[in-house]
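Structure file input-v6.txt; described as compact mmCIF, C-alpha atoms and all ligand atoms.
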```txt
# COMPACT_ATOMS: atom_id res chain seq x y z
CA MET A 199 6.99 -31.25 -10.00
CA ALA A 200 9.48 -28.83 -11.50
CA ARG A 201 13.16 -27.96 -11.56
CA ILE A 202 12.40 -24.27 -11.16
CA VAL A 203 9.40 -23.23 -9.05
CA LEU A 204 8.47 -19.55 -9.23
CA THR A 205 5.97 -17.77 -7.03
CA ALA A 206 5.06 -14.59 -5.15
CA ASP A 207 3.35 -13.92 -1.86
CA ALA A 208 -0.42 -13.61 -1.49
CA THR A 209 -0.43 -9.79 -1.45
CA GLN A 210 0.80 -9.84 -5.04
CA MET A 211 -1.45 -12.67 -6.16
CA SER A 212 -4.69 -10.73 -6.12
CA GLU A 213 -6.43 -8.26 -8.36
CA TYR A 214 -8.14 -6.65 -5.33
CA TRP A 215 -11.53 -6.73 -7.04
CA GLY A 216 -10.11 -4.59 -9.86
CA ILE A 217 -10.14 -1.47 -7.64
CA PRO A 218 -7.03 0.52 -8.66
CA LEU A 219 -5.82 1.82 -5.28
CA LEU A 220 -6.93 -1.14 -3.15
CA PRO A 221 -3.58 -2.99 -3.51
CA PHE A 222 -2.16 -0.37 -1.12
CA PHE A 223 -4.26 -2.07 1.52
CA SER A 224 -1.61 -4.79 1.51
CA CYS A 225 0.53 -2.32 3.48
CA ALA A 226 -1.99 -2.24 6.34
CA PRO A 227 -0.85 -3.58 9.72
CA ALA A 228 -1.83 -7.18 10.42
CA GLU A 229 -2.16 -6.39 14.13
CA LYS A 230 -4.94 -3.86 13.43
CA VAL A 231 -6.72 -5.28 10.38
CA PRO A 232 -8.28 -8.71 10.94
CA ARG A 233 -7.14 -11.38 8.54
CA ILE A 234 -10.72 -12.04 7.48
CA VAL A 235 -10.99 -8.44 6.25
CA PHE A 236 -7.71 -8.60 4.39
CA ASP A 237 -8.60 -11.93 2.80
CA PHE A 238 -11.96 -10.57 1.67
CA LEU A 239 -10.33 -7.56 0.04
CA SER A 240 -7.63 -9.61 -1.67
CA PRO A 241 -9.28 -12.65 -3.32
CA GLN A 242 -6.50 -14.80 -4.70
CA VAL A 243 -5.98 -15.50 -8.39
CA LYS A 244 -7.36 -18.74 -9.74
CA HIS A 245 -5.16 -21.72 -10.34
CA ASN A 246 -5.18 -24.98 -12.26
CA ASN A 247 -3.93 -27.76 -10.00
CA GLY A 248 -1.71 -25.23 -8.28
CA VAL A 249 -0.44 -23.48 -11.42
CA ALA A 250 -1.32 -19.79 -11.12
CA GLN A 251 -3.61 -18.56 -13.87
CA MET A 252 -2.35 -15.01 -13.42
CA ALA A 253 0.81 -13.74 -11.76
CA PRO A 254 2.49 -10.39 -11.08
CA TYR A 255 4.02 -8.91 -14.21
CA GLY A 256 7.57 -9.04 -12.83
CA LEU A 257 7.21 -12.74 -12.12
CA ARG A 258 5.94 -13.26 -15.66
CA LYS A 259 9.01 -11.47 -17.03
CA LEU A 260 11.21 -13.71 -14.91
CA GLU A 261 9.40 -16.78 -16.24
CA ALA A 262 9.78 -15.58 -19.84
CA SER A 263 13.48 -14.84 -19.34
CA ILE A 264 14.43 -18.21 -17.93
CA LEU A 265 12.37 -20.04 -20.55
CA ARG A 266 15.04 -18.91 -23.01
CA THR A 267 17.27 -21.65 -21.64
CA TYR A 268 15.07 -23.90 -19.50
CA LYS A 269 12.40 -26.14 -21.00
CA PRO A 270 8.74 -25.28 -20.29
CA LYS A 271 8.22 -28.55 -18.43
CA GLU A 272 11.05 -27.60 -16.04
CA VAL A 273 9.47 -24.31 -14.95
CA VAL A 274 6.22 -23.64 -13.11
CA VAL A 275 4.59 -20.48 -11.79
CA ALA A 276 2.92 -21.77 -8.66
CA HIS A 277 0.08 -20.33 -6.66
CA PRO A 278 1.55 -19.47 -3.22
CA ASP A 279 -0.84 -21.85 -1.46
CA HIS A 280 0.35 -24.75 -3.60
CA VAL A 281 4.12 -24.30 -3.91
CA SER A 282 4.97 -27.47 -2.04
CA LYS A 283 3.09 -29.57 -4.63
CA PHE A 284 5.77 -28.74 -7.18
CA VAL A 285 8.86 -29.27 -5.05
CA ASN A 286 10.61 -32.64 -5.22
CA GLU A 287 14.12 -34.08 -5.47
CA ASP A 288 14.51 -32.56 -8.95
CA THR A 289 13.79 -29.02 -7.78
CA ARG A 290 16.87 -26.83 -7.77
CA ILE A 291 15.50 -23.32 -7.34
CA ILE A 292 12.43 -21.87 -5.68
CA GLY A 293 12.29 -18.28 -6.87
CA ILE A 294 10.15 -15.73 -5.05
CA SER A 295 9.46 -12.39 -6.69
CA THR A 296 9.25 -9.81 -3.91
CA MET A 297 7.65 -6.39 -3.71
CA ASP A 298 7.84 -5.33 -0.06
CA PRO A 299 9.10 -8.44 1.73
CA LEU A 300 10.12 -6.86 5.01
CA GLY A 301 7.56 -4.07 5.07
CA LEU A 302 10.13 -1.35 4.46
CA GLY A 303 8.32 0.32 1.57
CA PRO A 304 7.15 3.89 2.16
CA VAL A 305 3.43 3.12 2.44
CA SER A 306 4.04 0.16 4.74
CA MET A 307 6.30 2.24 6.96
CA MET A 308 3.60 4.91 7.16
CA PHE A 309 0.81 2.44 7.97
CA THR A 310 2.84 0.45 10.51
CA ASP A 311 4.14 3.28 12.64
CA GLY A 312 7.59 3.10 11.14
CA GLY A 313 7.74 -0.67 11.14
CA GLN A 314 6.63 -1.21 14.73
CA LEU A 315 3.62 -3.12 13.43
CA THR A 316 3.65 -5.72 10.65
CA ALA A 317 2.44 -4.85 7.18
CA TYR A 318 0.52 -7.61 5.42
CA THR A 319 3.15 -7.49 2.69
CA LYS A 320 5.71 -8.66 5.24
CA ARG A 321 3.36 -11.05 7.03
CA LYS A 322 2.38 -12.85 3.82
CA PHE A 323 5.96 -12.97 2.57
CA LEU A 324 7.11 -14.58 5.82
CA GLU A 325 4.26 -17.07 5.68
CA LEU A 326 5.27 -18.01 2.15
CA VAL A 327 8.93 -18.44 3.13
CA TYR A 328 7.83 -20.62 6.04
CA GLU A 329 5.91 -22.92 3.66
CA VAL A 330 8.79 -22.96 1.18
CA ASN A 331 11.23 -23.89 3.91
CA ARG A 332 9.00 -26.71 5.07
CA ALA A 333 9.18 -28.15 1.55
CA ARG A 334 12.95 -27.57 1.42
CA LYS A 335 13.42 -29.58 4.59
CA ARG A 336 12.25 -32.60 2.63
CA PHE A 337 14.11 -31.61 -0.53
CA PRO A 338 17.21 -29.70 0.55
CA LYS A 339 18.68 -29.40 -2.96
CA ALA A 340 16.10 -26.70 -3.66
CA LYS A 341 17.68 -23.28 -3.13
CA LEU A 342 15.64 -20.26 -2.17
CA VAL A 343 16.32 -17.33 -4.50
CA LEU A 344 14.67 -13.93 -4.11
CA GLY A 345 14.37 -11.12 -6.63
CA GLY A 346 11.95 -8.46 -7.74
CA SER A 347 11.49 -4.81 -6.91
CA GLY A 348 11.65 -5.42 -3.15
CA ALA A 349 14.87 -7.45 -3.16
CA TRP A 350 16.90 -4.48 -1.90
CA GLN A 351 15.17 -4.85 1.47
CA MET A 352 16.83 -8.22 2.03
CA GLU A 353 20.29 -6.73 1.74
CA THR A 354 19.50 -3.99 4.24
CA LYS A 355 18.50 -6.75 6.70
CA ASP A 356 21.10 -9.33 5.77
CA GLU A 357 21.07 -11.16 9.10
CA GLN A 358 17.31 -11.59 8.93
CA THR A 359 17.70 -12.76 5.33
CA ARG A 360 20.14 -15.46 6.41
CA ALA A 361 17.88 -16.46 9.30
CA LEU A 362 15.09 -17.01 6.77
CA GLY A 363 17.27 -19.47 4.90
CA VAL A 364 17.53 -17.38 1.75
CA ASN A 365 20.41 -18.63 -0.40
CA HIS A 366 20.62 -15.83 -2.96
CA THR A 367 19.04 -12.46 -3.58
CA VAL A 368 19.15 -10.92 -7.06
CA ILE A 369 19.01 -7.13 -7.13
CA GLY A 370 18.46 -5.11 -10.30
CA GLU A 371 16.86 -5.49 -13.72
CA CYS A 372 17.86 -8.93 -14.86
CA ASP A 373 15.77 -9.90 -17.92
CA HIS A 374 18.97 -10.34 -19.95
CA VAL A 375 21.06 -12.29 -17.44
CA ILE A 376 18.75 -14.15 -15.07
CA GLN A 377 19.04 -17.42 -17.00
CA ASP A 378 22.84 -17.26 -16.54
CA ILE A 379 22.44 -16.34 -12.87
CA TYR A 380 20.13 -19.31 -12.31
CA ASN A 381 22.60 -21.54 -14.15
CA ASP A 382 25.44 -20.33 -11.90
CA ILE A 383 23.31 -20.88 -8.80
CA GLU A 384 22.60 -24.43 -9.94
CA PHE A 385 26.06 -25.46 -11.09
CA ASN A 386 28.85 -23.00 -10.30
CA GLY A 387 27.94 -21.25 -7.09
CA ALA A 388 27.01 -17.60 -6.78
CA PRO A 389 27.27 -14.79 -4.22
CA GLU A 390 24.64 -14.34 -1.56
CA PHE A 391 23.65 -10.94 -2.95
CA ILE A 392 23.88 -10.68 -6.71
CA HIS A 393 23.83 -7.16 -8.14
CA VAL A 394 23.04 -6.68 -11.79
CA PRO A 395 24.73 -3.39 -12.64
CA ARG A 396 23.28 -2.74 -16.07
CA GLY A 397 19.76 -3.33 -17.27
CA PRO A 398 18.79 -4.99 -20.53
CA LYS A 399 18.54 -3.41 -23.93
CA LEU A 400 15.01 -3.20 -25.26
CA GLU A 401 15.54 -6.20 -27.52
CA GLN A 402 16.71 -8.28 -24.55
CA ILE A 403 13.39 -7.90 -22.71
CA PRO A 404 11.20 -10.92 -23.50
CA ASP A 405 7.45 -10.85 -23.97
CA ILE A 406 5.46 -12.38 -21.15
CA VAL A 407 4.18 -15.87 -21.94
CA GLY A 408 1.50 -16.14 -19.23
CA ALA A 409 -1.20 -13.75 -18.08
CA SER A 410 -0.37 -10.94 -15.66
CA THR A 411 -2.53 -9.71 -12.81
CA HIS A 412 -4.64 -6.64 -13.68
CA GLY A 413 -3.85 -7.29 -17.35
CA LEU A 414 -0.76 -5.23 -16.66
CA VAL A 415 1.46 -4.50 -19.63
CA GLU A 416 4.65 -2.49 -19.42
CA VAL A 417 5.10 0.13 -22.14
CA MET A 418 8.36 1.73 -21.06
CA ARG A 419 11.13 1.61 -18.46
CA GLY A 420 13.22 4.41 -17.05
CA CYS A 421 12.29 8.01 -16.47
CA GLY A 422 14.67 10.95 -16.73
CA ARG A 423 12.97 13.49 -14.49
CA ASN A 424 15.97 13.25 -12.20
CA CYS A 425 14.39 12.94 -8.75
CA GLN A 426 17.52 12.36 -6.69
CA PHE A 427 16.16 9.55 -4.51
CA CYS A 428 14.84 7.52 -7.41
CA GLU A 429 16.21 4.21 -8.68
CA PRO A 430 14.16 3.97 -11.91
CA ASN A 431 15.63 7.35 -12.81
CA LEU A 432 19.00 5.64 -13.17
CA ARG A 433 17.70 3.50 -16.00
CA THR A 434 18.04 4.54 -19.61
CA ALA A 435 14.55 5.20 -20.92
CA LYS A 436 13.26 2.41 -23.15
CA TYR A 437 9.94 2.50 -24.96
CA TYR A 438 8.12 -0.64 -26.03
CA PRO A 439 6.99 -0.50 -29.67
CA ALA A 440 3.33 -1.07 -30.52
CA ASP A 441 3.79 -4.64 -31.76
CA LYS A 442 5.38 -5.73 -28.48
CA ILE A 443 2.54 -4.16 -26.50
CA GLU A 444 -0.01 -5.83 -28.75
CA ARG A 445 1.60 -9.25 -28.26
CA GLU A 446 1.51 -8.95 -24.47
CA ILE A 447 -2.11 -7.79 -24.48
CA ALA A 448 -2.91 -10.86 -26.59
CA VAL A 449 -1.36 -13.09 -23.91
CA ASN A 450 -3.67 -11.57 -21.30
CA ARG A 451 -6.66 -11.81 -23.62
CA LYS A 452 -6.18 -15.59 -23.78
CA ILE A 453 -7.68 -15.86 -20.29
CA GLY A 454 -10.38 -13.34 -21.15
CA ASN A 455 -9.06 -10.28 -19.35
CA PRO A 456 -10.90 -7.29 -20.90
CA ASN A 457 -8.74 -4.58 -19.37
CA VAL A 458 -5.16 -3.36 -19.62
CA TRP A 459 -3.18 -1.63 -16.92
CA ILE A 460 -0.61 0.34 -18.84
CA HIS A 461 2.56 0.43 -16.79
CA SER A 462 5.25 3.10 -16.94
CA GLU A 463 7.26 5.28 -14.60
CA ASP A 464 5.38 8.25 -16.08
CA ILE A 465 3.08 7.72 -19.04
CA PHE A 466 3.57 11.29 -20.27
CA LEU A 467 7.21 10.44 -20.93
CA TYR A 468 6.30 7.75 -23.48
CA LYS A 469 8.55 8.29 -26.50
CA LEU A 470 9.54 11.67 -25.09
CA GLU A 471 11.49 13.86 -27.49
CA ASP A 472 11.73 17.08 -25.48
CA LYS A 473 14.31 15.92 -22.90
CA ASN A 474 14.83 19.40 -21.47
CA GLY A 475 11.31 20.78 -21.12
CA PHE A 476 9.54 17.38 -20.72
CA MET A 477 6.71 18.43 -23.02
CA PRO A 478 4.89 15.16 -23.73
CA ASN A 479 5.04 13.63 -27.16
CA HIS A 480 1.30 14.12 -27.64
CA GLU A 481 1.02 12.10 -30.80
CA ALA A 482 2.92 9.11 -29.38
CA VAL A 483 0.88 9.02 -26.16
CA VAL A 484 -2.43 9.24 -28.04
CA ASP A 485 -1.30 6.56 -30.48
CA LEU A 486 -0.34 4.34 -27.56
CA PHE A 487 -3.82 4.51 -26.05
CA LYS A 488 -5.41 4.05 -29.47
CA THR A 489 -3.29 0.93 -29.99
CA VAL A 490 -4.37 -0.48 -26.64
CA MET A 491 -8.05 0.33 -27.00
CA THR A 492 -8.34 -1.08 -30.52
CA GLN A 493 -7.15 -4.55 -29.49
CA GLY A 494 -9.93 -7.12 -29.78
CA GLY A 495 -11.83 -7.69 -26.55
CA ILE A 496 -10.30 -4.76 -24.65
CA THR A 497 -13.01 -2.61 -23.10
CA TYR A 498 -11.02 -0.36 -20.78
CA ALA A 499 -7.47 0.65 -19.89
S1 LIG A 501 10.10 7.64 -11.75
FE1 LIG A 501 9.02 9.19 -10.52
S2 LIG A 501 10.32 9.48 -8.73
FE2 LIG A 501 11.58 8.49 -10.32
S3 LIG A 501 12.62 10.12 -11.43
FE3 LIG A 501 10.73 9.65 -12.52
S4 LIG A 501 9.20 11.09 -11.71
FE4 LIG A 501 10.94 11.04 -10.26
```
Let me see the file written as structure tokens.
Amino acid sequence: MARIVLTADATQMSEYWGIPLLPFFSCAPAEKVPRIVFDFLSPQVKHNNGVAQMAPYGLRKLEASILRTYKPKEVVVAHPDHVSKFVNEDTRIIGISTMDPLGLGPVSMMFTDGGQLTAYTKRKFLELVYEVNRARKRFPKAKLVLGGSGAWQMETKDEQTRALGVNHTVIGECDHVIQDIYNDIEFNGAPEFIHVPRGPKLEQIPDIVGASTHGLVEVMRGCGRNCQFCEPNLRTAKYYPADKIEREIAVNRKIGNPNVWIHSEDIFLYKLEDKNGFMPNHEAVVDLFKTVMTQGGITYA
């Protein structure tokens, strides 16, 4: 039982056999791809009595951020099949980290004939919300709060969002303020759609405290290449220093993960100095990979 229950849908709770492009299969239409095939291709992460052993990196950042003010015993990262085990009269927030909750992402739209079919990302999200709402019927003090990279989709379909019983949707980078937002949701009230206008400074981004799927470790945020349609481009570029990267790899090593997925908008922009010509900072990029590959127990990245 927990005051704050965090989770994500089944399409995000798999390492897809470690095959790098297979997660895109989560955008396949449920009407065309039998569930048995999808389930085989997306074996779920392990759990200990319902506590997820691994979780998507964004969910881990959320967990780390709110642990700055909440006590560890008040927060759980639950496996999506076991969320209801952790919901009781003390639960105040059930937070779902979303990626493509309504199947509006570009790959889903392509695979589903422009949304006429149902991407598994949407199907699994709706199934999770259904289970969460069943638990909330018994414990109505628990509010449903969405966030993550797919949260924008909920605002574009606000009526559907309300019909799903979503209380709040947080949109934007929120490492530095999410604990205050959760506090407001619990005690002071908050808007239905909460926009975070400015992202965190580097020093406001916490280290993950639990293992991420794929051994994913972020090394930078923001881009700068100026593609006009792009949201990450609006972020000021921030580069994680080596010691921060090493600490997060160590967290993943605790469960024996031998690989690292290095995450960035564009790895060749790591510690970029040439902001006009975009010539990579060769030395910094090579040093980054050397740092990763010399961590104990890491065999590939
Ligand atoms: S993140 Fe990708 S799409 Fe966005 S500005 Fe950079 S290169 Fe362009």
Quick one: 5 Å padding each side, axis-aligned, all listed atoms of segment 425-433 of chain A - centre and edge lengths in Å to one decimal, as AutoDock Vina command-line options?
```
--center_x 16.6 --center_y 8.2 --center_z -10.3 --size_x 14.8 --size_y 19.4 --size_z 21.5
```
Excluding same-chain residues fewer than 2 positions from segment 331-341 of chain A, what lies within 7 Å of it counting all atoms listed in the file, as a CSV table (one decimal) with C-alpha atoms, in the coordinates of the input?
```csv
chain,number,residue,atom,x,y,z
A,282,SER,CA,5.0,-27.5,-2.0
A,285,VAL,CA,8.9,-29.3,-5.0
A,286,ASN,CA,10.6,-32.6,-5.2
A,287,GLU,CA,14.1,-34.1,-5.5
A,289,THR,CA,13.8,-29.0,-7.8
A,290,ARG,CA,16.9,-26.8,-7.8
A,291,ILE,CA,15.5,-23.3,-7.3
A,292,ILE,CA,12.4,-21.9,-5.7
A,327,VAL,CA,8.9,-18.4,3.1
A,328,TYR,CA,7.8,-20.6,6.0
A,329,GLU,CA,5.9,-22.9,3.7
A,343,VAL,CA,16.3,-17.3,-4.5
A,365,ASN,CA,20.4,-18.6,-0.4
```
Long-range neighbours of Gln242 of chain A as a PyMOL selection string, 10 Å cut-off, all atoms listed in the file, 3 positions minimum in chain: chain A and resi 208-215+237-239+245+250+252+277-279
Looking at A:Glu371, A:Lys271, A:Asp464, A:Ser295, which one is nearest to Pro478 of chain A, with distances taken over only C-alpha atoms?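 For Pro478 of chain A, the nearest of the candidates is A:Asp464.
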Which residue is closest to ligand LIG 501 (chain A)? Choose from A:Asn424, A:Ser263, A:Asn450, A:Thr411 and count all atoms listed in the file.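 Ranking A:Asn424, A:Ser263, A:Asn450, A:Thr411 by distance to ligand LIG 501 (chain A), first place goes to A:Asn424.
Environment of ligand LIG 501 (chain A), defined as every protein or nucleic acid residue with an atom within 12 Å of it and counting all atoms listed in the file, comprises Met418, Arg419, Gly420, Cys421, Gly422, Arg423, Asn424, Cys425, Gln426, Phe427, Cys428, Glu429, Pro430, Asn431, Leu432, Arg433, Thr434, Ala435, His461, Ser462, Glu463, Asp464, Ile465, Phe466, Leu467, Tyr468 and Phe476 of chain A.
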What's around Ile453 of chain A at 10 Å? Count all atoms listed in the file, leave out sequence neighbours fewer than 6 positions away in its own chain, and write the answer as a ChimeraX atom specification. /A:251-252,408-410,413
Pull out segment 215-238 of chain A, keep N, CA, C and O atoms, and write it as a compact mmCIF listing (two decimals), in the first residue's frame.
```txt
# COMPACT_ATOMS: atom_id res chain seq x y z
N TRP A 215 12.92 -8.14 -25.71
CA TRP A 215 14.01 -9.10 -25.96
C TRP A 215 15.35 -8.41 -26.24
O TRP A 215 16.26 -9.01 -26.81
N GLY A 216 15.45 -7.14 -25.91
CA GLY A 216 16.72 -6.41 -26.13
C GLY A 216 16.96 -6.05 -27.58
O GLY A 216 18.06 -5.63 -27.94
N ILE A 217 15.94 -6.19 -28.43
CA ILE A 217 16.10 -5.88 -29.86
C ILE A 217 15.78 -4.39 -30.07
O ILE A 217 14.64 -3.96 -29.82
N PRO A 218 16.76 -3.59 -30.50
CA PRO A 218 16.61 -2.13 -30.45
C PRO A 218 15.37 -1.55 -31.12
O PRO A 218 14.75 -0.67 -30.56
N LEU A 219 14.97 -2.00 -32.30
CA LEU A 219 13.84 -1.36 -32.96
C LEU A 219 12.50 -2.04 -32.67
O LEU A 219 11.45 -1.55 -33.09
N LEU A 220 12.53 -3.16 -31.94
CA LEU A 220 11.28 -3.89 -31.70
C LEU A 220 10.24 -3.09 -30.89
O LEU A 220 9.04 -3.29 -31.10
N PRO A 221 10.66 -2.18 -30.00
CA PRO A 221 9.62 -1.40 -29.29
C PRO A 221 8.66 -0.66 -30.23
O PRO A 221 7.52 -0.38 -29.85
N PHE A 222 9.08 -0.39 -31.46
CA PHE A 222 8.14 0.25 -32.40
C PHE A 222 6.95 -0.66 -32.70
O PHE A 222 5.91 -0.19 -33.17
N PHE A 223 7.11 -1.95 -32.42
CA PHE A 223 6.00 -2.86 -32.65
C PHE A 223 4.81 -2.52 -31.76
O PHE A 223 3.67 -2.91 -32.05
N SER A 224 5.07 -1.79 -30.69
CA SER A 224 3.96 -1.39 -29.81
C SER A 224 2.99 -0.46 -30.53
O SER A 224 1.88 -0.21 -30.04
N CYS A 225 3.39 0.07 -31.68
CA CYS A 225 2.50 0.95 -32.45
C CYS A 225 1.64 0.16 -33.43
O CYS A 225 0.82 0.74 -34.16
N ALA A 226 1.82 -1.14 -33.47
CA ALA A 226 1.05 -1.98 -34.41
C ALA A 226 -0.43 -2.01 -34.02
O ALA A 226 -0.77 -1.87 -32.84
N PRO A 227 -1.32 -2.18 -35.01
CA PRO A 227 -2.75 -2.18 -34.69
C PRO A 227 -3.21 -3.47 -34.02
O PRO A 227 -2.93 -4.57 -34.51
N ALA A 228 -3.92 -3.32 -32.92
CA ALA A 228 -4.40 -4.47 -32.17
C ALA A 228 -5.41 -5.28 -32.98
O ALA A 228 -5.57 -6.49 -32.77
N GLU A 229 -6.10 -4.64 -33.91
CA GLU A 229 -7.10 -5.37 -34.71
C GLU A 229 -6.44 -6.30 -35.71
O GLU A 229 -7.06 -7.25 -36.20
N LYS A 230 -5.18 -6.06 -36.04
CA LYS A 230 -4.48 -6.86 -37.07
C LYS A 230 -3.46 -7.82 -36.46
O LYS A 230 -3.15 -8.85 -37.07
N VAL A 231 -2.88 -7.43 -35.33
CA VAL A 231 -1.83 -8.26 -34.73
C VAL A 231 -2.42 -8.96 -33.51
O VAL A 231 -2.82 -8.28 -32.54
N PRO A 232 -2.50 -10.30 -33.54
CA PRO A 232 -3.10 -10.99 -32.39
C PRO A 232 -2.37 -10.69 -31.10
O PRO A 232 -1.14 -10.53 -31.09
N ARG A 233 -3.13 -10.62 -30.04
CA ARG A 233 -2.56 -10.31 -28.73
C ARG A 233 -1.45 -11.28 -28.35
O ARG A 233 -0.44 -10.90 -27.77
N ILE A 234 -1.62 -12.55 -28.72
CA ILE A 234 -0.62 -13.55 -28.36
C ILE A 234 0.73 -13.22 -29.00
O ILE A 234 1.80 -13.42 -28.41
N VAL A 235 0.70 -12.66 -30.20
CA VAL A 235 1.94 -12.27 -30.88
C VAL A 235 2.56 -11.07 -30.16
O VAL A 235 3.77 -11.05 -29.87
N PHE A 236 1.72 -10.09 -29.87
CA PHE A 236 2.25 -8.92 -29.18
C PHE A 236 2.83 -9.30 -27.82
O PHE A 236 3.93 -8.85 -27.45
N ASP A 237 2.11 -10.12 -27.09
CA ASP A 237 2.59 -10.50 -25.75
C ASP A 237 3.90 -11.27 -25.83
O ASP A 237 4.77 -11.12 -24.97
N PHE A 238 4.05 -12.09 -26.87
CA PHE A 238 5.31 -12.83 -27.02
C PHE A 238 6.47 -11.87 -27.29
O PHE A 238 7.57 -12.03 -26.77
```
